[in-house]
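**Student:** What follows is my_file.txt; its format and atoms are compact mmCIF, C-alpha atoms.
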```
# COMPACT_ATOMS: atom_id res chain seq x y z
CA MET A 6 -18.54 -2.82 -9.78
CA ALA A 7 -15.28 -2.26 -7.95
CA VAL A 8 -16.12 0.77 -5.83
CA VAL A 9 -14.23 1.10 -2.54
CA SER A 10 -16.75 0.51 0.24
CA ARG A 11 -14.37 0.28 3.18
CA ALA A 12 -10.75 1.07 3.98
CA GLU A 13 -8.82 0.51 7.18
CA ALA A 14 -5.29 1.40 8.26
CA PHE A 15 -3.44 -0.33 11.08
CA ILE A 16 0.12 -0.69 12.35
CA VAL A 17 2.02 -3.91 13.05
CA ASP A 18 5.34 -3.56 14.86
CA LEU A 19 8.09 -5.99 13.88
CA GLU A 20 11.30 -6.38 15.82
CA VAL A 21 14.43 -6.58 13.68
CA GLU A 22 15.63 -10.09 13.00
CA GLN A 23 19.16 -9.15 14.01
CA VAL A 24 21.07 -6.02 15.10
CA ARG A 25 21.39 -3.62 12.15
CA THR A 26 23.67 -0.58 12.25
CA ASP A 27 25.18 1.78 9.72
CA ALA A 28 27.21 4.98 9.81
CA VAL A 29 24.37 7.20 11.05
CA GLN A 30 21.67 5.08 12.73
CA ALA A 31 20.36 1.75 13.94
CA PHE A 32 17.32 -0.06 12.58
CA LEU A 33 15.28 -0.36 15.80
CA LYS A 34 12.05 -1.92 14.60
CA GLN A 35 9.81 -1.95 11.55
CA GLU A 36 6.60 -0.01 11.98
CA THR A 37 4.57 -1.71 9.26
CA VAL A 38 1.60 0.40 8.17
CA PHE A 39 -1.07 -1.69 6.47
CA VAL A 40 -4.08 -0.58 4.46
CA GLU A 41 -6.91 -3.02 3.73
CA VAL A 42 -9.32 -1.99 0.98
CA GLY A 43 -12.67 -3.69 0.37
CA THR A 44 -14.94 -3.10 -2.61
CA ASP A 45 -18.69 -3.42 -3.07
CA ASP A 46 -18.30 -6.68 -4.98
CA GLY A 47 -16.53 -8.36 -2.08
CA ALA A 48 -12.91 -8.10 -3.26
CA VAL A 49 -10.22 -7.26 -0.70
CA GLY A 50 -6.70 -5.90 -1.26
CA LEU A 51 -3.94 -5.51 1.32
CA GLY A 52 -1.05 -3.06 0.94
CA TYR A 53 1.66 -1.75 3.22
CA SER A 54 4.57 0.59 3.81
CA TYR A 55 7.03 0.93 6.68
CA THR A 56 9.35 3.00 8.84
CA ILE A 57 12.49 1.84 10.66
CA GLY A 58 11.31 2.96 14.07
CA THR A 59 9.74 6.42 14.01
CA GLY A 60 6.87 8.14 12.22
CA GLY A 61 4.51 5.23 11.80
CA THR A 62 1.76 6.83 13.85
CA ALA A 63 2.03 10.00 11.74
CA VAL A 64 1.56 7.93 8.57
CA HIS A 65 -1.39 6.18 10.17
CA ALA A 66 -3.00 9.49 11.18
CA LEU A 67 -2.72 10.88 7.66
CA LEU A 68 -4.39 7.77 6.30
CA ARG A 69 -7.12 7.67 8.94
CA ASP A 70 -7.98 11.37 8.92
CA HIS A 71 -7.56 12.29 5.25
CA LEU A 72 -6.67 9.69 2.64
CA LEU A 73 -8.95 6.78 3.49
CA PRO A 74 -12.14 8.85 3.86
CA ARG A 75 -11.46 10.28 0.40
CA LEU A 76 -10.81 6.79 -0.98
CA ILE A 77 -14.32 5.61 -0.12
CA GLY A 78 -16.57 5.61 -3.19
CA GLN A 79 -13.72 5.66 -5.72
CA ASP A 80 -13.33 3.06 -8.47
CA SER A 81 -10.51 0.79 -7.30
CA ARG A 82 -9.67 -0.16 -10.89
CA LEU A 83 -8.53 3.38 -11.70
CA VAL A 84 -5.23 3.02 -9.87
CA GLU A 85 -3.47 5.90 -11.62
CA GLY A 86 -6.44 8.21 -11.17
CA VAL A 87 -6.83 7.39 -7.49
CA TRP A 88 -3.12 7.95 -6.84
CA HIS A 89 -3.18 11.38 -8.47
CA ASP A 90 -6.40 12.34 -6.68
CA LEU A 91 -4.93 11.49 -3.28
CA PHE A 92 -1.64 13.17 -4.13
CA ALA A 93 -3.45 16.37 -5.12
CA PHE A 94 -5.63 16.22 -2.01
CA THR A 95 -2.51 16.23 0.19
CA ARG A 96 -0.52 18.64 -1.94
CA ALA A 97 0.38 20.81 1.05
CA THR A 98 2.42 17.92 2.50
CA THR A 99 3.99 16.66 -0.71
CA VAL A 100 6.67 15.86 -1.63
CA GLY A 101 7.56 14.35 1.74
CA ALA A 102 8.27 11.08 3.49
CA ILE A 103 5.10 10.83 5.58
CA THR A 104 2.77 11.47 2.63
CA SER A 105 4.71 9.16 0.30
CA LEU A 106 4.59 6.33 2.85
CA ALA A 107 0.84 6.84 3.28
CA LEU A 108 0.21 6.91 -0.47
CA ALA A 109 2.27 3.74 -0.86
CA ALA A 110 0.12 1.80 1.60
CA VAL A 111 -3.00 2.70 -0.39
CA ASP A 112 -1.41 2.20 -3.80
CA THR A 113 -0.02 -1.26 -3.02
CA ALA A 114 -3.47 -2.32 -1.76
CA LEU A 115 -5.03 -1.16 -5.05
CA TRP A 116 -2.37 -3.02 -7.04
CA ASP A 117 -3.07 -6.12 -4.95
CA LEU A 118 -6.74 -5.79 -5.96
CA LYS A 119 -5.79 -5.18 -9.60
CA CYS A 120 -3.68 -8.33 -9.76
CA LEU A 121 -6.25 -10.42 -7.90
CA ARG A 122 -8.96 -9.34 -10.35
CA ALA A 123 -6.68 -10.25 -13.25
CA GLY A 124 -5.80 -13.59 -11.67
CA GLU A 125 -2.14 -12.76 -12.29
CA PRO A 126 0.97 -12.16 -10.14
CA LEU A 127 2.32 -8.65 -9.73
CA TRP A 128 5.47 -9.26 -11.75
CA ARG A 129 3.39 -10.05 -14.85
CA VAL A 130 0.81 -7.28 -14.44
CA ALA A 131 3.54 -4.67 -13.81
CA GLY A 132 5.48 -5.61 -16.95
CA GLY A 133 6.46 -9.26 -16.99
CA PHE A 134 10.09 -9.14 -18.08
CA ARG A 135 11.33 -12.34 -16.37
CA PRO A 136 10.43 -14.37 -13.27
CA VAL A 137 13.84 -14.40 -11.52
CA VAL A 138 16.28 -11.70 -10.41
CA PRO A 139 19.86 -11.88 -9.04
CA LEU A 140 20.14 -11.57 -5.26
CA TYR A 141 22.74 -9.86 -3.08
CA ASP A 142 23.06 -9.90 0.70
CA THR A 143 23.13 -6.96 3.12
CA GLU A 144 22.23 -8.81 6.31
CA GLY A 145 25.83 -9.94 6.85
CA GLY A 146 27.41 -6.54 6.23
CA TRP A 147 26.36 -4.22 9.08
CA LEU A 148 28.83 -1.68 10.42
CA HIS A 149 29.08 -3.08 13.96
CA LEU A 150 30.20 -6.51 12.73
CA SER A 151 33.87 -7.44 13.01
CA THR A 152 36.00 -8.09 9.97
CA ASP A 153 35.90 -11.82 10.67
CA GLU A 154 32.09 -11.70 10.87
CA LEU A 155 31.90 -9.82 7.57
CA VAL A 156 34.04 -12.49 5.93
CA LEU A 157 31.90 -15.30 7.31
CA GLY A 158 28.76 -13.61 6.02
CA ALA A 159 30.26 -13.08 2.57
CA GLU A 160 31.45 -16.68 2.37
CA ALA A 161 27.96 -17.86 3.30
CA ALA A 162 26.53 -15.81 0.43
CA VAL A 163 29.02 -17.37 -1.97
CA ASP A 164 28.16 -20.86 -0.73
CA ALA A 165 24.45 -20.08 -1.21
CA GLY A 166 25.09 -19.23 -4.84
CA TRP A 167 24.19 -15.55 -4.47
CA ASN A 168 25.75 -12.90 -6.68
CA GLY A 169 27.05 -10.25 -4.29
CA VAL A 170 27.28 -8.79 -0.79
CA LYS A 171 27.04 -5.27 0.58
CA VAL A 172 29.22 -3.95 3.39
CA LYS A 173 28.47 -0.81 5.38
CA VAL A 174 31.24 1.80 5.44
CA GLY A 175 31.77 4.91 7.52
CA LYS A 176 34.39 3.91 10.06
CA PRO A 177 36.41 6.82 11.53
CA THR A 178 39.18 6.36 8.96
CA ALA A 179 39.32 5.21 5.37
CA HIS A 180 42.01 2.72 6.39
CA GLU A 181 39.56 0.90 8.70
CA ASP A 182 36.95 0.69 5.97
CA LEU A 183 39.48 -0.52 3.41
CA GLU A 184 40.87 -3.20 5.71
CA ARG A 185 37.37 -4.65 6.10
CA LEU A 186 36.60 -4.43 2.39
CA MET A 187 39.83 -6.08 1.31
CA ALA A 188 39.29 -8.95 3.74
CA VAL A 189 35.91 -9.57 2.12
CA ARG A 190 37.30 -9.18 -1.39
CA ASP A 191 40.09 -11.66 -0.68
CA ALA A 192 37.55 -14.13 0.70
CA VAL A 193 35.06 -13.98 -2.19
CA GLY A 194 37.44 -13.55 -5.10
CA PRO A 195 37.37 -11.21 -8.11
CA ARG A 196 34.17 -12.44 -9.80
CA PHE A 197 31.81 -11.73 -6.89
CA ASP A 198 30.07 -8.34 -6.69
CA LEU A 199 31.00 -6.24 -3.64
CA MET A 200 28.89 -3.18 -2.85
CA VAL A 201 29.34 -0.57 -0.09
CA ASP A 202 26.84 1.74 1.62
CA ALA A 203 27.82 4.95 3.44
CA ASN A 204 24.25 5.94 4.45
CA GLN A 205 24.60 9.67 3.67
CA SER A 206 27.45 10.03 6.17
CA MET A 207 30.10 11.86 4.11
CA THR A 208 30.89 15.22 2.60
CA ALA A 209 31.64 15.33 -1.10
CA ALA A 210 35.34 15.85 -0.40
CA GLU A 211 35.51 12.87 1.95
CA ALA A 212 33.52 10.67 -0.44
CA ILE A 213 35.91 11.51 -3.28
CA ARG A 214 38.87 10.67 -1.03
CA ARG A 215 37.41 7.38 0.15
CA ALA A 216 36.30 6.33 -3.32
CA GLU A 217 39.91 6.63 -4.41
CA ALA A 218 41.05 4.67 -1.34
CA PHE A 219 38.50 1.93 -2.03
CA ALA A 220 39.69 1.35 -5.61
CA PRO A 221 41.65 -1.87 -4.81
CA ALA A 222 38.41 -3.51 -3.57
CA ASP A 223 36.88 -3.26 -7.08
CA LEU A 224 33.46 -2.10 -5.89
CA PHE A 225 30.24 -2.75 -7.79
CA TRP A 226 28.75 0.46 -6.38
CA LEU A 227 29.14 3.14 -3.69
CA GLU A 228 25.73 3.76 -2.13
CA GLU A 229 24.35 6.97 -0.57
CA PRO A 230 27.73 8.55 0.11
CA LEU A 231 26.23 12.04 0.65
CA PRO A 232 22.98 13.50 1.98
CA ALA A 233 20.22 12.73 -0.50
CA ASP A 234 19.45 16.39 -1.21
CA ASP A 235 23.06 17.08 -2.29
CA VAL A 236 22.61 16.39 -5.99
CA ALA A 237 25.52 18.65 -6.92
CA GLY A 238 27.82 16.78 -4.56
CA HIS A 239 26.83 13.44 -6.05
CA GLU A 240 27.41 14.84 -9.53
CA ARG A 241 30.88 16.01 -8.51
CA LEU A 242 31.65 12.61 -6.97
CA ALA A 243 30.36 10.69 -10.00
CA ARG A 244 32.65 12.68 -12.28
CA SER A 245 35.66 11.93 -10.07
CA THR A 246 35.44 8.13 -9.81
CA SER A 247 34.80 5.05 -11.92
CA ILE A 248 32.85 3.44 -9.07
CA PRO A 249 29.11 3.53 -9.91
CA ILE A 250 27.17 5.79 -7.53
CA ALA A 251 23.91 4.35 -6.16
CA VAL A 252 21.09 6.50 -4.75
CA GLY A 253 17.36 6.33 -4.23
CA GLU A 254 16.27 4.92 -0.89
CA SER A 255 15.93 8.45 0.50
CA LEU A 256 14.23 10.01 -2.53
CA TYR A 257 10.48 10.52 -2.41
CA SER A 258 9.30 11.52 -5.89
CA VAL A 259 9.81 10.79 -9.56
CA GLY A 260 11.10 14.34 -10.02
CA GLN A 261 13.94 13.83 -7.56
CA PHE A 262 15.13 10.82 -9.53
CA ARG A 263 14.87 12.83 -12.75
CA ASP A 264 17.22 15.46 -11.32
CA TYR A 265 19.85 12.84 -10.45
CA LEU A 266 19.62 11.11 -13.81
CA GLN A 267 19.69 14.29 -15.89
CA ARG A 268 22.87 15.42 -14.13
CA GLY A 269 24.62 12.07 -14.34
CA ALA A 270 24.76 11.93 -10.55
CA ALA A 271 23.53 8.34 -10.23
CA SER A 272 24.60 5.15 -12.00
CA ILE A 273 22.33 2.82 -9.98
CA VAL A 274 18.74 3.67 -8.99
CA GLN A 275 17.57 2.20 -5.66
CA VAL A 276 13.95 3.30 -5.68
CA ASP A 277 11.99 2.10 -2.62
CA VAL A 278 8.32 1.35 -3.35
CA ALA A 279 7.19 2.58 0.09
CA ARG A 280 9.23 5.76 0.16
CA VAL A 281 8.45 6.85 -3.40
CA GLY A 282 4.71 6.54 -2.88
CA GLY A 283 3.79 3.10 -4.18
CA ILE A 284 3.99 0.82 -7.19
CA THR A 285 2.52 3.46 -9.52
CA PRO A 286 5.44 5.94 -9.14
CA TRP A 287 7.97 3.09 -8.68
CA LEU A 288 7.32 1.93 -12.22
CA LYS A 289 7.66 5.49 -13.52
CA VAL A 290 11.10 5.74 -11.90
CA ALA A 291 12.14 2.36 -13.30
CA HIS A 292 11.13 3.32 -16.84
CA LEU A 293 12.77 6.73 -16.47
CA ALA A 294 15.99 5.01 -15.43
CA GLU A 295 15.71 2.68 -18.42
CA ALA A 296 15.57 5.72 -20.70
CA PHE A 297 18.92 6.78 -19.21
CA ASN A 298 20.32 3.22 -19.51
CA VAL A 299 20.55 2.94 -15.72
CA ALA A 300 19.89 -0.21 -13.70
CA VAL A 301 17.31 -0.50 -10.91
CA CYS A 302 18.38 -2.20 -7.66
CA PRO A 303 15.65 -1.32 -5.15
CA HIS A 304 16.17 -0.72 -1.45
CA PHE A 305 14.91 -3.24 1.17
CA LEU A 306 11.36 -4.79 0.98
CA MET A 307 12.63 -7.83 -0.89
CA GLU A 308 9.28 -9.61 -0.59
CA LEU A 309 7.63 -6.90 -2.72
CA HIS A 310 10.57 -5.68 -4.75
CA VAL A 311 11.31 -9.12 -6.19
CA SER A 312 8.12 -8.84 -8.26
CA LEU A 313 8.74 -5.25 -9.36
CA THR A 314 12.39 -5.87 -10.25
CA ALA A 315 11.32 -8.91 -12.28
CA ALA A 316 8.74 -6.78 -14.09
CA VAL A 317 11.17 -4.35 -15.73
CA PRO A 318 14.06 -4.96 -18.17
CA ASN A 319 16.57 -2.86 -16.20
CA GLY A 320 15.93 -4.60 -12.88
CA ARG A 321 19.41 -5.74 -11.84
CA TYR A 322 19.38 -6.88 -8.20
CA VAL A 323 17.14 -7.61 -5.21
CA GLU A 324 18.51 -6.82 -1.74
CA HIS A 325 18.37 -9.65 0.82
CA ILE A 326 17.20 -8.30 4.19
CA PRO A 327 14.47 -10.60 5.54
CA GLN A 328 11.99 -8.78 7.76
CA LEU A 329 8.52 -10.28 7.25
CA ARG A 330 9.11 -13.86 8.36
CA SER A 331 7.27 -13.38 11.66
CA ILE A 332 4.02 -12.37 9.90
CA THR A 333 4.10 -14.55 6.77
CA THR A 334 3.56 -18.25 6.19
CA ALA A 335 6.12 -18.57 3.37
CA GLU A 336 9.42 -16.87 2.54
CA MET A 337 10.60 -15.38 -0.72
CA ALA A 338 11.76 -18.24 -2.92
CA VAL A 339 15.44 -18.44 -3.89
CA GLU A 340 16.70 -20.84 -6.55
CA ASP A 341 20.28 -21.10 -7.82
CA GLY A 342 21.18 -17.74 -6.30
CA GLN A 343 18.20 -16.02 -7.90
CA ALA A 344 15.20 -14.47 -6.16
CA VAL A 345 12.02 -15.91 -7.65
CA ALA A 346 8.98 -13.67 -8.14
CA PRO A 347 5.80 -15.17 -6.63
CA SER A 348 3.42 -16.78 -9.12
CA ALA A 349 0.28 -16.39 -6.99
CA PRO A 350 -2.20 -13.65 -7.99
CA GLY A 351 -1.83 -10.34 -6.14
CA LEU A 352 1.29 -9.01 -4.46
CA GLY A 353 2.30 -12.61 -3.76
CA ILE A 354 3.07 -12.18 -0.05
CA ALA A 355 1.65 -14.97 2.12
CA TRP A 356 0.40 -12.92 5.08
CA ASP A 357 -0.27 -14.65 8.40
CA ARG A 358 -3.24 -12.65 9.65
CA ASP A 359 -3.21 -14.24 13.12
CA ALA A 360 0.45 -13.32 13.60
CA MET A 361 -0.26 -9.80 12.32
CA ASP A 362 -3.10 -9.42 14.82
CA ASP A 363 -0.82 -10.53 17.64
CA ARG A 364 1.62 -7.71 16.79
CA ARG A 365 -0.97 -5.09 15.99
CA VAL A 366 -0.50 -1.72 17.73
CA ALA A 367 -3.58 -0.48 19.56
```
Write the structure described by the file as structure tokens, please.
**Tutor:**
Amino acid sequence: MAVVSRAEAFIVDLEVEQVRTDAVQAFLKQETVFVEVGTDDGAVGLGYSYTIGTGGTAVHALLRDHLLPRLIGQDSRLVEGVWHDLFAFTRATTVGAITSLALAAVDTALWDLKCLRAGEPLWRVAGGFRPVVPLYDTEGGWLHLSTDELVLGAEAAVDAGWNGVKVKVGKPTAHEDLERLMAVRDAVGPRFDLMVDANQSMTAAEAIRRAEAFAPADLFWLEEPLPADDVAGHERLARSTSIPIAVGESLYSVGQFRDYLQRGAASIVQVDVARVGGITPWLKVAHLAEAFNVAVCPHFLMELHVSLTAAVPNGRYVEHIPQLRSITTAEMAVEDGQAVAPSAPGLGIAWDRDAMDDRRVA
């Protein structure tokens, strides 16, 4: 059998590997919420989700008090059925960030079990399109960095054979943003992809104005220019510019992505496996985007997203922001500028349980 006989949630706090700032916030730490699921035949799966500094204890409480007790006794092989059962059980708090993050921790643990039972890596079980995905860097593009530092980071990405870099925008004036972007563009040349991220900091009018100002930089996408719930504003912006509009890291359900895609308000989908509720809904979003001929370039969590992006035909990019090195024994593999999906059965993340225990929150 494969009946869930035990389930535990715990938090591991991870300090950021370097200072990370954008137009509206700083990434203070990663509250990593883990769920370990054991079944009556001795199998064990480990899943996780995260916050960037707040809310982790709320996610943990929802798991401890409601989701994990209901998980006991369920057939771990019925991943879709379990997800829908837990979603329905918490319907009063869905759709919302806390519930989605909690569901994701359970769902990724069940997918880990599913892949381990199959003896296959996640990228194959989830679809198996190809084993490698292009990589772009965000770690060298934070808003507090000087123009010279941005250029050095971009040049390092070029030297590493990567395919693009992302620069945070949202300086007080469009001129300041453009000066930084053009310095990077001049350094990397015309064939290198340059993305920008505004982190929901603009009004529609300001985003339209800045998109026009940014035209000389030849941007690959403009990310989260407006608050995530302003679908109409994103639609208006998308109609006004040739720059592809990227959204998704702050969307928490398949239905929210449907609204953006139906209205032509998004040209790039950045679905985050933790924030959308797990691998089960992540794949739904990816296939929905494929139906609209839209690429998937997921947000953060490169160690997990490399496998999911490799699984689907419209997976375009993996975002380089390393954050798990302190609690893993091996890093995500990169070859010839491409992120390589792990070949080991399961999620493919080499957890260091001793290091996790050292950082575990009481």
**Student:** Counting all atoms listed in the file, note down every residue that has an atom within 10 Å of the point (-3.0, -1.8, -1.0) (file coordinates), as a PyMOL selection string.
**Tutor:** chain A and resi 12+39-43+49-54+108-119+283-284+352
**Student:** For those residues, write C-alpha atoms to a file as a compact mmCIF listing (two decimals), keeping the file's coordinate frame.
**Tutor:**
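The resulting file, result08.txt, is reproduced below:
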```
# COMPACT_ATOMS: atom_id res chain seq x y z
CA ALA A 12 -10.75 1.07 3.98
CA PHE A 39 -1.07 -1.69 6.47
CA VAL A 40 -4.08 -0.58 4.46
CA GLU A 41 -6.91 -3.02 3.73
CA VAL A 42 -9.32 -1.99 0.98
CA GLY A 43 -12.67 -3.69 0.37
CA VAL A 49 -10.22 -7.26 -0.70
CA GLY A 50 -6.70 -5.90 -1.26
CA LEU A 51 -3.94 -5.51 1.32
CA GLY A 52 -1.05 -3.06 0.94
CA TYR A 53 1.66 -1.75 3.22
CA SER A 54 4.57 0.59 3.81
CA LEU A 108 0.21 6.91 -0.47
CA ALA A 109 2.27 3.74 -0.86
CA ALA A 110 0.12 1.80 1.60
CA VAL A 111 -3.00 2.70 -0.39
CA ASP A 112 -1.41 2.20 -3.80
CA THR A 113 -0.02 -1.26 -3.02
CA ALA A 114 -3.47 -2.32 -1.76
CA LEU A 115 -5.03 -1.16 -5.05
CA TRP A 116 -2.37 -3.02 -7.04
CA ASP A 117 -3.07 -6.12 -4.95
CA LEU A 118 -6.74 -5.79 -5.96
CA LYS A 119 -5.79 -5.18 -9.60
CA GLY A 283 3.79 3.10 -4.18
CA ILE A 284 3.99 0.82 -7.19
CA LEU A 352 1.29 -9.01 -4.46
```
**Student:** Counting all atoms listed in the file, what is within 9 Å of Arg11 of chain A, bar same-chain residues fewer than 5 positions away, as number ranges by chain?
**Tutor:** A: 41-45, 73-74, 76-78
**Student:** Got a sec: who's within 10 Å of Val100 of chain A, counting only C-alpha atoms, leaving out chain neighbours fewer than 5 positions off, as a count of residues only?
**Tutor:** 11
**Student:** For each of A:Val339, A:Val290, A:Ala48, A:Leu313, take the minimum atom-to-atom distance to Val130 of chain A, counting all atoms listed in the file, then give the residue where this is smallest.
**Tutor:**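 Under the stated criterion, the closest residue is A:Leu313.
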**Student:** For the atom pair atom CA of Thr143 of chain A and atom CA of Ala179 of chain A, what is the interatomic distance in Å to one decimal place?
**Tutor:**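 Interatomic distance here is 20.4 Å.
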**Student:** Quick check, in Å to one decimal: how far apart do atom CA of Ala338 of chain A and atom CA of Val323 of chain A lie?
**Tutor:**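 Between atom CA of Ala338 of chain A and atom CA of Val323 of chain A the gap works out to 12.1 Å.
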**Student:** Tell me, as JSON, numbers by chain, which residues lie within 12 Å of Ser272 of chain A, counting only C-alpha atoms; anything in the same chain fewer than 3 positions away does not count.
**Tutor:** {"A": [225, 226, 227, 228, 229, 239, 240, 242, 243, 244, 246, 247, 248, 249, 250, 251, 252, 253, 262, 265, 266, 267, 268, 269, 275, 294, 295, 297, 298, 299, 300, 301, 302]}
**Student:** Take the residues that were just selected and, keeping C-alpha atoms, output them as a CSV table (one decimal), keeping the file's coordinate frame.
**Tutor:**
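The result, stored in again.csv:
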```csv
chain,number,residue,atom,x,y,z
A,225,PHE,CA,30.2,-2.8,-7.8
A,226,TRP,CA,28.8,0.5,-6.4
A,227,LEU,CA,29.1,3.1,-3.7
A,228,GLU,CA,25.7,3.8,-2.1
A,229,GLU,CA,24.4,7.0,-0.6
A,239,HIS,CA,26.8,13.4,-6.0
A,240,GLU,CA,27.4,14.8,-9.5
A,242,LEU,CA,31.6,12.6,-7.0
A,243,ALA,CA,30.4,10.7,-10.0
A,244,ARG,CA,32.6,12.7,-12.3
A,246,THR,CA,35.4,8.1,-9.8
A,247,SER,CA,34.8,5.0,-11.9
A,248,ILE,CA,32.8,3.4,-9.1
A,249,PRO,CA,29.1,3.5,-9.9
A,250,ILE,CA,27.2,5.8,-7.5
A,251,ALA,CA,23.9,4.4,-6.2
A,252,VAL,CA,21.1,6.5,-4.8
A,253,GLY,CA,17.4,6.3,-4.2
A,262,PHE,CA,15.1,10.8,-9.5
A,265,TYR,CA,19.8,12.8,-10.4
A,266,LEU,CA,19.6,11.1,-13.8
A,267,GLN,CA,19.7,14.3,-15.9
A,268,ARG,CA,22.9,15.4,-14.1
A,269,GLY,CA,24.6,12.1,-14.3
A,275,GLN,CA,17.6,2.2,-5.7
A,294,ALA,CA,16.0,5.0,-15.4
A,295,GLU,CA,15.7,2.7,-18.4
A,297,PHE,CA,18.9,6.8,-19.2
A,298,ASN,CA,20.3,3.2,-19.5
A,299,VAL,CA,20.6,2.9,-15.7
A,300,ALA,CA,19.9,-0.2,-13.7
A,301,VAL,CA,17.3,-0.5,-10.9
A,302,CYS,CA,18.4,-2.2,-7.7
```
**Student:** What are the closest atom pairs, with distances in Å to one decimal, for each residue of segment 155-254 of chain A lying within 12 Å of segment 134-139 of chain A, using all atoms listed in the file, rows by chain and rising residue number, as a tab-separated table?
**Tutor:**
```
residue	atom	partner	partner_atom	distance
A:Gly166	CA	A:Pro139	CA	10.0
A:Trp167	CA	A:Pro139	CA	7.3
A:Asn168	CA	A:Pro139	CA	6.4
A:Gly169	CA	A:Pro139	CA	8.8
A:Val170	CA	A:Pro139	CA	11.5
A:Asp198	CA	A:Pro139	CA	11.1
```
**Student:** Select, from A:Leu183, A:Gly61, A:Leu293, A:Leu140, the residue with the minimum atom-to-atom distance to Ala165 of chain A, counting all atoms listed in the file.
**Tutor:**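 Using all atoms listed in the file, the shortest distance to Ala165 of chain A belongs to A:Leu140.
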**Student:** With all atoms listed in the file as the counted atoms, please give the residues lying no more than 8 Å from Pro232 of chain A, apart from itself and same-chain residues fewer than 5 positions off, as a list in words.
**Tutor:** Gln205, Ser206 and Met207 of chain A
**Student:** Can I get the selected residues back with C-alpha atoms, as an mmCIF file, keeping the file's coordinate frame?
**Tutor:**
```cif
data_model
loop_
_atom_site.group_PDB
_atom_site.id
_atom_site.type_symbol
_atom_site.label_atom_id
_atom_site.label_comp_id
_atom_site.auth_asym_id
_atom_site.auth_seq_id
_atom_site.Cartn_x
_atom_site.Cartn_y
_atom_site.Cartn_z
ATOM 1 C CA GLN A 205 24.600 9.670 3.670
ATOM 2 C CA SER A 206 27.450 10.030 6.170
ATOM 3 C CA MET A 207 30.100 11.860 4.110
#
```
**Student:** Taking 6 positions as the minimum chain separation for residues in the same chain, which residues sit within 7 Å of Gln35 of chain A when counting all atoms listed in the file? Answer as a list in words.
**Tutor:**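 Surrounding residues, per the criterion: Asp18, Leu19, Glu20, Val21, Tyr55, Thr56, Ile57 and Gly58 of chain A.
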**Student:** From the list A:Val84, A:Ala279, A:Ala291, A:Ile326, which residue is nearest Arg263 of chain A when using all atoms listed in the file?
**Tutor:**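 For Arg263 of chain A, the nearest of the candidates is A:Ala291.
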**Student:** Quick one: of A:Leu106, A:Ala209, A:Val87, A:Ala367, who's nearest to Arg75 of chain A, counting all atoms listed in the file?
**Tutor:** A:Val87
**Student:** Using Å and a single decimal, report how far atom CA of Ala63 of chain A sits from atom CA of Val236 of chain A.
**Tutor:**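 About the pair atom CA of Val236 of chain A and atom CA of Ala63 of chain A: they are 27.9 Å apart.
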**Student:** Of the residues A:Asp363, A:Glu36, A:Asp357, A:Met307, which is the one nearest to Met337 of chain A, using only C-alpha atoms?
**Tutor:** A:Met307
